[in-house]
file query00.txt (compact mmCIF, C-alpha atoms)
# COMPACT_ATOMS: atom_id res chain seq x y z
CA TRP A 1 -11.08 19.83 51.55
CA PRO A 2 -8.00 18.77 53.48
CA ASP A 3 -6.89 21.39 55.97
CA PRO A 4 -4.06 23.08 54.06
CA GLY A 5 -2.09 23.44 57.26
CA GLY A 6 -0.85 26.86 58.30
CA ALA A 7 2.56 27.84 57.17
CA GLY A 8 3.25 29.35 60.57
CA ASP A 9 3.35 32.97 61.62
CA GLU A 10 4.07 35.57 58.99
CA PRO A 11 7.82 36.09 58.61
CA GLY A 12 8.65 39.01 60.83
CA LEU A 13 11.26 41.68 60.77
CA ALA A 14 14.63 41.44 62.37
CA PRO A 15 15.34 44.02 65.10
CA GLU A 16 17.72 45.80 62.76
CA ASP A 17 17.85 46.39 59.05
CA GLY A 18 21.10 45.56 57.33
CA LEU A 19 22.41 49.12 57.31
CA SER A 20 21.23 50.21 60.73
CA GLY A 21 21.78 48.90 64.20
CA ALA A 22 24.77 47.38 65.92
CA ALA A 23 24.09 43.93 64.49
CA ALA A 24 25.50 45.07 61.16
CA VAL A 25 28.90 45.97 62.62
CA ALA A 26 31.54 43.42 63.45
CA PRO A 27 32.57 43.52 67.13
CA PRO A 28 36.21 44.05 68.04
CA ASP A 29 38.42 41.04 67.24
CA ASP A 30 38.76 40.02 70.89
CA ALA A 31 34.98 40.20 71.35
CA ARG A 32 33.93 38.25 68.28
CA PRO A 33 32.14 34.94 68.83
CA PRO A 34 33.79 31.72 67.67
CA ARG A 35 33.70 31.30 63.93
CA THR A 36 30.81 29.28 62.56
CA ARG A 37 31.11 26.00 60.70
CA ALA A 38 30.59 27.82 57.41
CA GLU A 39 33.52 30.15 58.09
CA ARG A 40 35.78 27.27 59.12
CA SER A 41 35.17 25.43 55.85
CA GLY A 42 38.65 26.24 54.56
CA PRO A 43 41.25 29.02 54.52
CA LEU A 44 41.70 31.15 51.45
CA SER A 45 45.05 32.45 50.35
CA GLU A 46 44.77 36.16 49.66
CA ASP A 47 47.89 35.89 47.54
CA ALA A 48 46.16 33.44 45.19
CA PHE A 49 43.63 36.06 44.13
CA GLY A 50 45.93 39.04 44.59
CA ALA A 51 48.26 37.62 41.94
CA MET A 52 45.47 37.32 39.37
CA PRO A 53 44.22 40.11 37.10
CA PRO A 54 41.11 41.58 38.80
CA ALA A 55 38.60 40.26 36.26
CA GLN A 56 40.07 36.77 36.47
CA ALA A 57 40.09 36.92 40.27
CA GLU A 58 36.42 37.93 40.33
CA ASP A 59 35.47 35.05 38.03
CA ALA A 60 37.45 32.62 40.18
CA ILE A 61 35.75 33.80 43.38
CA LEU A 62 32.27 33.62 41.87
CA THR A 63 33.02 30.12 40.56
CA GLU A 64 34.19 29.06 44.00
CA LEU A 65 31.08 30.54 45.63
CA ALA A 66 28.85 28.68 43.19
CA ALA A 67 30.58 25.41 44.09
CA ALA A 68 30.93 26.08 47.82
CA PRO A 69 28.45 28.77 48.95
CA ALA A 70 29.41 28.18 52.59
CA ARG A 71 32.77 29.83 51.91
CA VAL A 72 31.57 33.09 53.40
CA ASP A 73 35.16 34.29 53.81
CA LEU A 74 35.21 34.84 50.05
CA TYR A 75 33.02 37.95 50.28
CA GLY A 76 35.89 39.90 51.84
CA GLU A 77 38.13 38.82 48.98
CA LEU A 78 35.46 39.78 46.47
CA ALA A 79 35.18 43.25 48.02
CA ARG A 80 38.93 43.74 47.67
CA VAL A 81 38.89 42.57 44.06
CA ALA A 82 36.00 44.92 43.29
CA SER A 83 38.02 47.80 44.72
CA ARG A 84 40.91 46.90 42.42
CA ARG A 85 38.47 47.00 39.49
CA ALA A 86 36.95 50.31 40.63
CA ASP A 87 33.61 48.45 40.65
CA ALA A 88 31.59 50.36 43.25
CA GLU A 89 28.44 48.28 42.85
CA GLY A 90 30.32 45.00 43.03
CA ARG A 91 32.06 46.13 46.19
CA PHE A 92 28.74 47.29 47.67
CA PHE A 93 27.11 43.87 47.40
CA ALA A 94 30.22 42.03 48.57
CA VAL A 95 30.24 44.31 51.62
CA MET A 96 26.48 43.86 52.07
CA ALA A 97 27.02 40.10 52.23
CA ARG A 98 29.49 40.73 55.05
CA VAL A 99 26.95 43.04 56.71
CA ALA A 100 24.31 40.29 56.53
CA LEU A 101 26.74 37.83 58.10
CA GLY A 102 27.59 40.27 60.90
CA ARG A 103 31.25 40.45 59.85
CA ALA A 104 31.47 43.92 58.33
CA GLU A 105 33.78 46.51 59.80
CA PRO A 106 32.27 49.87 60.89
CA HIS A 107 33.82 51.74 57.98
CA GLU A 108 32.30 49.21 55.56
CA VAL A 109 28.82 49.78 56.97
CA THR A 110 29.25 53.55 56.65
CA GLU A 111 30.50 53.13 53.08
CA ALA A 112 27.59 50.85 52.14
CA ARG A 113 25.02 53.18 53.65
CA ALA A 114 26.38 56.13 51.65
CA TYR A 115 26.39 54.12 48.43
CA ALA A 116 22.80 52.88 48.94
CA GLU A 117 21.54 56.43 49.40
CA GLY A 118 22.77 57.33 45.92
CA TRP A 119 20.37 54.98 44.12
CA GLN A 120 16.66 54.95 43.37
CA ARG A 121 14.13 52.61 41.76
CA THR A 122 13.11 54.02 38.37
CA GLY A 123 12.73 51.00 36.09
CA ALA A 124 10.55 47.91 35.82
CA LEU A 125 10.92 44.15 35.50
CA SER A 126 9.43 42.11 32.68
CA PRO A 127 7.85 38.65 33.10
CA ALA A 128 11.07 37.19 31.68
CA ASP A 129 13.05 39.05 34.35
CA LEU A 130 10.91 37.52 37.09
CA ASP A 131 11.38 34.09 35.53
CA ALA A 132 15.13 34.68 35.68
CA LEU A 133 14.83 34.77 39.48
CA LEU A 134 13.78 31.11 39.54
CA PRO A 135 16.56 28.73 40.57
CA GLY A 136 16.94 25.54 38.56
CA ALA A 137 14.73 23.53 40.92
CA ALA A 138 11.86 25.96 40.35
CA ALA A 139 12.13 25.93 36.58
CA GLY A 140 11.16 23.14 34.20
CA ALA A 141 7.66 21.70 33.98
CA MET A 142 6.65 22.17 37.62
CA LYS A 143 5.84 25.88 37.26
CA PRO A 144 3.64 25.42 34.16
CA LEU A 145 1.91 22.56 35.98
CA TRP A 146 1.23 24.88 38.90
CA ASP A 147 0.09 27.66 36.55
CA ALA A 148 -2.45 25.29 34.99
CA ILE A 149 -4.16 24.68 38.34
CA ALA A 150 -3.37 27.99 40.08
CA ALA A 151 -6.78 29.64 39.59
CA PRO A 152 -8.90 27.08 41.51
CA VAL A 153 -6.17 26.54 44.09
CA THR A 154 -5.99 30.27 44.78
CA LYS A 155 -9.77 30.36 45.14
CA TRP A 156 -9.77 27.47 47.63
CA SER A 157 -6.97 28.97 49.72
CA ALA A 158 -8.42 32.50 49.85
CA ARG A 159 -8.80 34.07 53.28
CA ASP A 160 -11.33 36.57 54.49
CA PRO A 161 -9.67 39.89 55.46
CA GLY A 162 -10.94 39.38 59.00
CA GLN A 163 -8.97 36.15 59.27
CA LEU A 164 -5.82 38.16 58.65
CA GLY A 165 -6.77 40.87 61.13
CA PHE A 166 -7.99 43.46 58.62
CA GLY A 167 -11.40 45.12 58.31
CA ARG A 168 -13.42 46.87 55.64
CA GLY A 169 -12.24 50.25 56.91
CA ASP A 170 -8.62 49.30 56.14
CA ARG A 171 -9.32 48.81 52.44
CA THR A 172 -8.17 51.07 49.62
CA SER A 173 -9.80 50.13 46.34
CA ALA A 174 -7.65 49.31 43.34
CA ARG A 175 -8.49 52.57 41.60
CA SER A 176 -7.38 54.61 44.65
CA VAL A 177 -4.13 52.81 45.51
CA ASN A 178 -2.00 55.13 43.37
CA LYS A 179 -3.38 58.21 45.12
CA ARG A 180 -3.31 56.96 48.73
CA HIS A 181 -0.21 54.79 48.56
CA PRO A 182 1.95 56.13 45.70
CA LYS A 183 5.18 54.37 46.76
CA LEU A 184 3.34 51.07 47.01
CA ALA A 185 1.77 51.61 43.58
CA LYS A 186 5.17 52.42 42.07
CA ALA A 187 6.78 49.30 43.53
CA ALA A 188 3.90 47.13 42.34
CA ALA A 189 4.15 48.59 38.84
CA ALA A 190 7.87 47.81 38.79
CA PHE A 191 6.99 44.13 39.28
CA GLY A 192 4.24 44.20 36.68
CA ALA A 193 1.46 43.68 39.21
CA GLY A 194 -1.97 44.52 37.87
CA SER A 195 -4.71 46.23 39.85
CA PHE A 196 -5.26 45.17 43.46
CA ASP A 197 -6.97 46.33 46.61
CA ALA A 198 -4.70 47.37 49.46
CA TYR A 199 -5.59 46.72 53.09
CA VAL A 200 -3.34 48.69 55.42
CA VAL A 201 -3.22 48.65 59.22
CA GLU A 202 -0.65 51.11 60.52
CA THR A 203 0.22 49.11 63.64
CA ARG A 204 0.84 45.79 61.84
CA LEU A 205 4.47 46.70 61.32
CA GLY A 206 6.35 44.36 59.01
CA PHE A 207 3.26 42.40 57.98
CA ALA A 208 2.78 41.59 54.30
CA ARG A 209 0.57 38.99 52.67
CA ALA A 210 -0.66 38.83 49.09
CA MET A 211 -3.87 37.16 48.03
CA GLY A 212 -4.47 36.34 44.39
CA GLY A 213 -7.62 35.36 42.60
CA ALA A 214 -10.40 37.30 40.92
CA LYS A 215 -9.88 40.26 43.27
CA PRO A 216 -6.17 40.42 44.14
CA ALA A 217 -5.28 42.16 47.39
CA LEU A 218 -2.26 43.08 49.47
CA PHE A 219 -2.56 43.08 53.27
CA LEU A 220 0.15 45.30 54.71
CA GLY A 221 1.47 47.01 57.76
CA GLY A 222 1.88 50.78 57.53
CA ASP A 223 5.66 50.65 57.09
CA VAL A 224 5.36 48.14 54.25
CA ALA A 225 2.73 50.24 52.45
CA ARG A 226 5.07 53.23 52.71
CA VAL A 227 8.02 51.14 51.44
CA GLU A 228 9.78 52.63 54.41
CA THR A 229 12.76 50.49 55.47
CA PRO A 230 14.86 47.76 53.84
CA ALA A 231 13.04 45.14 55.92
CA ALA A 232 9.59 46.46 55.02
CA THR A 233 10.59 46.82 51.37
CA ALA A 234 11.92 43.26 51.27
CA ALA A 235 8.63 41.95 52.69
CA LEU A 236 6.76 43.83 49.97
CA GLY A 237 9.06 42.46 47.26
CA ARG A 238 8.46 38.92 48.49
CA GLU A 239 4.68 39.31 48.29
CA LEU A 240 4.67 41.15 44.96
CA PHE A 241 6.64 38.25 43.52
CA HIS A 242 4.07 35.75 44.81
CA LEU A 243 1.20 37.88 43.53
CA VAL A 244 2.60 38.18 40.01
CA MET A 245 3.79 34.55 39.84
CA GLN A 246 0.45 33.21 41.15
CA THR A 247 2.12 31.44 44.09
CA THR A 248 0.30 33.19 46.95
CA SER A 249 -1.34 29.89 47.95
CA LEU A 250 2.02 28.39 48.87
CA ALA A 251 2.11 30.57 52.01
CA VAL A 252 -0.97 28.89 53.51
CA MET A 253 -0.71 25.33 52.19
CA GLY A 254 1.05 22.70 54.27
CA ALA A 255 3.49 20.19 52.79
CA GLU A 256 1.00 17.31 52.96
CA ALA A 257 -1.79 19.29 51.31
CA LEU A 258 0.62 20.42 48.59
CA ALA A 259 1.55 16.79 47.84
CA ILE A 260 -2.16 15.82 47.77
CA LEU A 261 -2.93 18.67 45.39
CA PHE A 262 -0.19 17.68 42.97
CA GLY A 263 -1.34 14.09 43.33
CA ALA A 264 -4.79 15.16 42.15
CA ALA A 265 -3.34 17.12 39.21
CA ALA A 266 -1.14 14.15 38.28
CA LYS A 267 -4.09 11.79 38.43
CA LEU A 268 -6.17 14.13 36.30
CA ALA A 269 -3.46 14.37 33.65
CA ASP A 270 -2.17 10.79 34.02
CA LEU A 271 1.27 11.95 35.14
CA PRO A 272 3.99 10.18 37.13
CA LEU A 273 4.58 11.62 40.60
CA PRO A 274 7.92 11.83 42.37
CA ARG A 275 8.46 9.21 45.06
CA GLU A 276 7.65 11.13 48.25
CA ALA A 277 4.58 12.83 46.79
CA ALA A 278 3.36 9.50 45.43
CA ALA A 279 3.66 7.99 48.91
CA VAL A 280 1.56 10.82 50.41
CA ALA A 281 -1.03 10.43 47.65
CA ARG A 282 -1.33 6.70 48.38
CA GLN A 283 -2.02 7.52 52.04
CA HIS A 284 -4.80 9.97 51.13
CA VAL A 285 -6.56 8.33 48.21
CA ARG A 286 -9.98 9.78 49.06
CA GLN A 287 -8.69 13.34 49.37
CA VAL A 288 -6.76 13.04 46.11
CA SER A 289 -9.93 11.87 44.38
CA ASP A 290 -11.92 14.75 45.91
CA TRP A 291 -9.42 17.30 44.67
CA GLN A 292 -9.27 15.64 41.26
CA ARG A 293 -13.05 15.95 40.87
CA GLU A 294 -12.94 19.59 41.91
CA LEU A 295 -10.14 20.32 39.45
CA GLU A 296 -12.23 18.73 36.70
CA LYS A 297 -15.15 20.99 37.61
CA GLN A 298 -13.21 24.18 38.22
CA LEU A 299 -10.61 24.21 35.46
CA PRO A 300 -11.84 26.05 32.35
CA ARG A 301 -11.27 24.42 28.99
CA PRO A 302 -8.08 26.37 28.09
CA GLN A 303 -6.39 25.31 31.34
CA ARG A 304 -7.45 21.69 30.89
CA ARG A 305 -6.07 21.74 27.36
CA ALA A 306 -2.82 23.28 28.61
CA LEU A 307 -2.61 20.61 31.30
CA SER A 308 -3.10 17.86 28.73
CA GLU A 309 -0.39 19.29 26.48
CA LEU A 310 1.96 19.72 29.41
CA ALA A 311 1.39 16.10 30.45
CA GLY A 312 2.97 14.89 27.23
CA ARG A 313 6.06 16.98 27.84
CA ILE A 314 6.36 15.79 31.44
CA ARG A 315 6.07 12.13 30.42
CA ARG A 316 8.75 12.58 27.77
CA ASP A 317 11.02 14.31 30.30
CA ALA A 318 10.43 11.49 32.80
CA GLU A 319 11.35 8.88 30.20
CA ALA A 320 14.55 10.82 29.56
CA GLY A 321 15.36 10.79 33.29
CA ALA A 322 14.18 14.34 34.11
CA ALA A 323 11.33 13.57 36.51
CA LEU A 324 9.29 16.21 38.33
CA PRO A 325 10.83 17.43 41.59
CA GLU A 326 9.14 16.76 44.91
CA PRO A 327 6.45 19.41 45.52
CA GLU A 328 8.03 20.52 48.79
CA SER A 329 11.44 20.88 47.13
CA TRP A 330 9.80 22.97 44.45
CA ARG A 331 8.13 25.14 47.10
CA ARG A 332 11.52 25.77 48.73
CA ALA A 333 12.92 26.79 45.34
CA ILE A 334 10.04 29.25 44.92
CA GLN A 335 10.89 30.64 48.36
CA ARG A 336 14.46 31.20 47.22
CA ALA A 337 13.13 33.05 44.18
CA ALA A 338 10.91 35.18 46.45
CA ALA A 339 13.98 36.06 48.52
CA ARG A 340 15.74 37.14 45.32
CA ALA A 341 12.77 39.35 44.46
CA ALA A 342 12.95 40.82 47.97
CA LEU A 343 16.62 41.60 47.34
CA LEU A 344 15.87 43.27 44.02
CA LEU A 345 13.32 45.61 45.55
CA SER A 346 15.17 46.36 48.80
CA GLY A 347 18.83 46.21 47.76
CA ASP A 348 19.59 44.58 51.14
CA PRO A 349 20.57 40.89 51.22
CA GLY A 350 20.12 40.55 54.98
CA ALA A 351 16.64 42.05 54.92
CA ALA A 352 15.71 39.84 51.95
CA ILE A 353 16.82 36.67 53.74
CA ARG A 354 14.96 37.55 56.94
CA SER A 355 11.80 38.36 54.99
CA VAL A 356 11.56 34.69 54.00
CA GLU A 357 13.49 32.98 56.81
CA PRO A 358 13.59 35.11 59.97
CA ASP A 359 16.29 32.85 61.47
CA GLY A 360 18.17 32.28 58.23
CA LEU A 361 21.21 34.22 59.47
CA ALA A 362 21.14 32.97 63.07
CA GLY A 363 24.20 30.82 63.70
CA ASP A 364 25.31 29.02 60.56
CA PRO A 365 23.57 30.61 57.55
CA SER A 366 20.74 28.52 56.12
CA GLU A 367 20.81 27.09 52.61
CA LEU A 368 18.43 29.83 51.49
CA ALA A 369 20.69 32.48 53.03
CA LEU A 370 23.80 31.10 51.34
CA ASP A 371 21.95 30.90 48.02
CA LEU A 372 20.76 34.51 48.30
CA LEU A 373 24.19 35.85 49.26
CA ALA A 374 25.84 34.09 46.32
CA PHE A 375 23.09 35.35 44.01
CA SER A 376 23.50 38.91 45.29
CA VAL A 377 27.08 39.17 43.98
CA GLY A 378 26.44 37.29 40.74
CA PRO A 379 25.84 38.52 37.19
CA THR A 380 22.10 37.73 37.01
CA HIS A 381 21.36 39.99 39.98
CA ARG A 382 23.55 42.74 38.57
CA GLU A 383 21.74 42.56 35.23
CA LEU A 384 18.25 42.62 36.74
CA ARG A 385 19.16 45.36 39.20
CA GLY A 386 20.30 47.48 36.26
CA ARG A 387 16.76 47.34 34.88
CA LEU A 388 15.16 48.40 38.14
CA TRP A 389 17.61 50.83 39.76
CA SER A 390 19.50 53.90 38.61
CA GLU A 391 21.80 56.40 40.23
CA ALA A 392 19.85 59.25 41.82
CA SER A 393 21.92 61.83 39.94
CA SER A 394 21.31 60.23 36.51

call {"tool": "encode", "arguments": {"input": "query00.txt", "output": "structure tokens"}}
result
Amino acid sequence: WPDPGGAGDEPGLAPEDGLSGAAAVAPPDDARPPRTRAERSGPLSEDAFGAMPPAQAEDAILTELAAAPARVDLYGELARVASRRADAEGRFFAVMARVALGRAEPHEVTEARAYAEGWQRTGALSPADLDALLPGAAAGAMKPLWDAIAAPVTKWSARDPGQLGFGRGDRTSARSVNKRHPKLAKAAAAFGAGSFDAYVVETRLGFARAMGGAKPALFLGGDVARVETPAATAALGRELFHLVMQTTSLAVMGAEALAILFGAAAKLADLPLPREAAAVARQHVRQVSDWQRELEKQLPRPQRRALSELAGRIRRDAEAGAALPEPESWRRAIQRAAARAALLLSGDPGAAIRSVEPDGLAGDPSELALDLLAFSVGPTHRELRGRLWSEASS
């Protein structure tokens, strides 16, 4: 098989979580660094929103953020509007966006920390809730196409625990996870994860990697298994999402191998490929054929039937102008969804961003960071959070 190409080192933890450490607090005005490109993208008149009724002002700000996510100055306006509406949760996430960007004032960090301590995870997410985390580029026919081939792909990309730095003595069997790691078991249940083995090494702080397949497993550092900090919790949320959505293989498969794999699936089902993936497939004809033969051997009859039925839908969509996205673009969309899952479990946008892109908030925020911040203050996040979190006093 083609070398899948490592996806790089496991995303690490930032030195500080969003609500701890000096990085969360804005420096004095005369000590602040020059404003980034994103912050210079255009001034906002406070009077424009101040003159609107609060609900209208909130809608206007969210609409502007959807159109121009680089307008990071809008989070301060959104926090003020939320205060006018007596919307404590709305203000919390607007402030947390400012914390993630390093622009929060000390009193805002203190306020956010106190608010976060008043909530706990008591609910659970349904499969439909997890699907709601998918951005538009991750929806459509690409996910069902991946689902149809996920089982053999997960098998091919499986890693021995030793390759990840874990041994047999680090393993907790699926039936003992609830007893030895109750917080981990509770978080997994909230995401609808089934049974899994847990490998935990206390000193591998911040490490989290899920492995699907016939015997699902989570490989975790001690802080992640204890669901201890926002950063550790975000890393766990990211991997639980991949485990439940059957996308664990994306962490270890390089862009070229991903294009070859989809080329094989497309050839098997007689599907049109997007331009860039088709070009890669033409350069690796032998490998595409090898993977196609393996898919034919490995896919059970129900998956092959599902693939055949899906092919008709994809061809009709292509004829209507809705072609499949490039595999790498789809992978990036799945990463954005994983960051949203990390946010849901941790409640910390900065920690969620860094769990997927460690440098996503360094300098100008990355596209993933801007997407996550805008999502964090939007209605879909608020609705899903309401299913997972409740006030500690309730």

call {"tool": "residues_near_point", "arguments": {"input": "query00.txt", "point": "(19.1, 46.2, 31.7)", "cutoff": "12 Å", "atoms": "all atoms listed in the file", "output": "ChimeraX atom specification"}}
result
/A:122-126,129,379-390

call {"tool": "write_last_selection", "arguments": {"input": "query00.txt", "atoms": "C-alpha atoms", "output": "compact mmCIF listing (two decimals), in the coordinates of the input"}}
result
# COMPACT_ATOMS: atom_id res chain seq x y z
CA THR A 122 13.11 54.02 38.37
CA GLY A 123 12.73 51.00 36.09
CA ALA A 124 10.55 47.91 35.82
CA LEU A 125 10.92 44.15 35.50
CA SER A 126 9.43 42.11 32.68
CA ASP A 129 13.05 39.05 34.35
CA PRO A 379 25.84 38.52 37.19
CA THR A 380 22.10 37.73 37.01
CA HIS A 381 21.36 39.99 39.98
CA ARG A 382 23.55 42.74 38.57
CA GLU A 383 21.74 42.56 35.23
CA LEU A 384 18.25 42.62 36.74
CA ARG A 385 19.16 45.36 39.20
CA GLY A 386 20.30 47.48 36.26
CA ARG A 387 16.76 47.34 34.88
CA LEU A 388 15.16 48.40 38.14
CA TRP A 389 17.61 50.83 39.76
CA SER A 390 19.50 53.90 38.61

call {"tool": "closest_residue", "arguments": {"input": "query00.txt", "among": "A:Gly312, A:Pro127, A:Gly254, A:Gly321", "to": "Pro274 (chain A)", "atoms": "all atoms listed in the file"}}
result
A:Gly321

call {"tool": "residues_around", "arguments": {"input": "query00.txt", "residues": "Gly360 (chain A)", "least_positions_apart": "2", "cutoff": "12 Å", "atoms": "only C-alpha atoms", "output": "ChimeraX atom specification"}}
result
/A:11-14,100-101,336,339,349-358,362-373

call {"tool": "residues_near_point", "arguments": {"input": "query00.txt", "point": "(41.2, 36.0, 43.2)", "cutoff": "8 Å", "atoms": "only C-alpha atoms", "output": "MDAnalysis selection string"}}
result
chainID A and resid 46:54 56:61 77:78 81

call {"tool": "atom_distance", "arguments": {"input": "query00.txt", "atom1": "CA of Glu256 (chain A)", "atom2": "CA of Val244 (chain A)"}}
result
24.6 Å

call {"tool": "atom_distance", "arguments": {"input": "query00.txt", "atom1": "CA of Ala88 (chain A)", "atom2": "CA of Ala342 (chain A)"}}
result
21.5 Å

call {"tool": "residues_around", "arguments": {"input": "query00.txt", "residues": "region 168-171 of chain A", "least_positions_apart": "5", "cutoff": "6 Å", "atoms": "only C-alpha atoms", "output": "PDB file with C-alpha atoms, keeping the file's coordinate frame"}}
result
ATOM      1  CA  ALA A 198      -4.700  47.370  49.460  1.00  0.00           C
ATOM      2  CA  TYR A 199      -5.590  46.720  53.090  1.00  0.00           C
ATOM      3  CA  VAL A 200      -3.340  48.690  55.420  1.00  0.00           C
TER       4      VAL A 200
END

call {"tool": "residues_around", "arguments": {"input": "query00.txt", "residues": "Ala217 (chain A)", "least_positions_apart": "6", "cutoff": "6 Å", "atoms": "only C-alpha atoms", "output": "PDB file with C-alpha atoms, in the frame of the given file"}}
result
ATOM      1  CA  PHE A 196      -5.260  45.170  43.460  1.00  0.00           C
ATOM      2  CA  ASP A 197      -6.970  46.330  46.610  1.00  0.00           C
ATOM      3  CA  ALA A 198      -4.700  47.370  49.460  1.00  0.00           C
ATOM      4  CA  ALA A 210      -0.660  38.830  49.090  1.00  0.00           C
ATOM      5  CA  MET A 211      -3.870  37.160  48.030  1.00  0.00           C
TER       6      MET A 211
END

call {"tool": "residues_around", "arguments": {"input": "query00.txt", "residues": "Ala322 (chain A)", "least_positions_apart": "5", "cutoff": "12 Å", "atoms": "all atoms listed in the file", "output": "list of chain:residue names"}}
result
A:Ala137, A:Gly140, A:Ala141, A:Met142, A:Pro272, A:Leu273, A:Pro274, A:Arg313, A:Ile314, A:Arg315, A:Arg316, A:Asp317

call {"tool": "write_last_selection", "arguments": {"input": "query00.txt", "atoms": "C-alpha atoms", "output": "tab-separated table (two decimals), in the coordinates of the input"}}
result
chain	number	residue	atom	x	y	z
A	137	ALA	CA	14.73	23.53	40.92
A	140	GLY	CA	11.16	23.14	34.20
A	141	ALA	CA	7.66	21.70	33.98
A	142	MET	CA	6.65	22.17	37.62
A	272	PRO	CA	3.99	10.18	37.13
A	273	LEU	CA	4.58	11.62	40.60
A	274	PRO	CA	7.92	11.83	42.37
A	313	ARG	CA	6.06	16.98	27.84
A	314	ILE	CA	6.36	15.79	31.44
A	315	ARG	CA	6.07	12.13	30.42
A	316	ARG	CA	8.75	12.58	27.77
A	317	ASP	CA	11.02	14.31	30.30

call {"tool": "closest_residue", "arguments": {"input": "query00.txt", "among": "A:Glu276, A:Asp87, A:Asp147, A:Glu319", "to": "Gln246 (chain A)", "atoms": "all atoms listed in the file"}}
result
A:Asp147

call {"tool": "closest_residue", "arguments": {"input": "query00.txt", "among": "A:Arg226, A:Lys155, A:Arg275, A:Arg340", "to": "Leu299 (chain A)", "atoms": "all atoms listed in the file"}}
result
A:Lys155

call {"tool": "atom_distance", "arguments": {"input": "query00.txt", "atom1": "CA of Ser289 (chain A)", "atom2": "CA of Phe262 (chain A)"}}
result
11.4 Å

call {"tool": "closest_residue", "arguments": {"input": "query00.txt", "among": "A:Ser308, A:Ser176, A:Thr247, A:Thr154", "to": "Lys267 (chain A)", "atoms": "all atoms listed in the file"}}
result
A:Ser308

call {"tool": "residues_around", "arguments": {"input": "query00.txt", "residues": "Gly237 (chain A)", "least_positions_apart": "5", "cutoff": "9 Å", "atoms": "all atoms listed in the file", "output": "ChimeraX atom specification"}}
result
/A:187-188,191,232,242,338-346,352

call {"tool": "axis_aligned_box", "arguments": {"input": "query00.txt", "around": "region 150-158 of chain A", "padding_each_side": "4 Å", "output": "JSON"}}
result
{"center_x": -6.6, "center_y": 29.5, "center_z": 44.7, "size_x": 14.4, "size_y": 14.0, "size_z": 18.3}
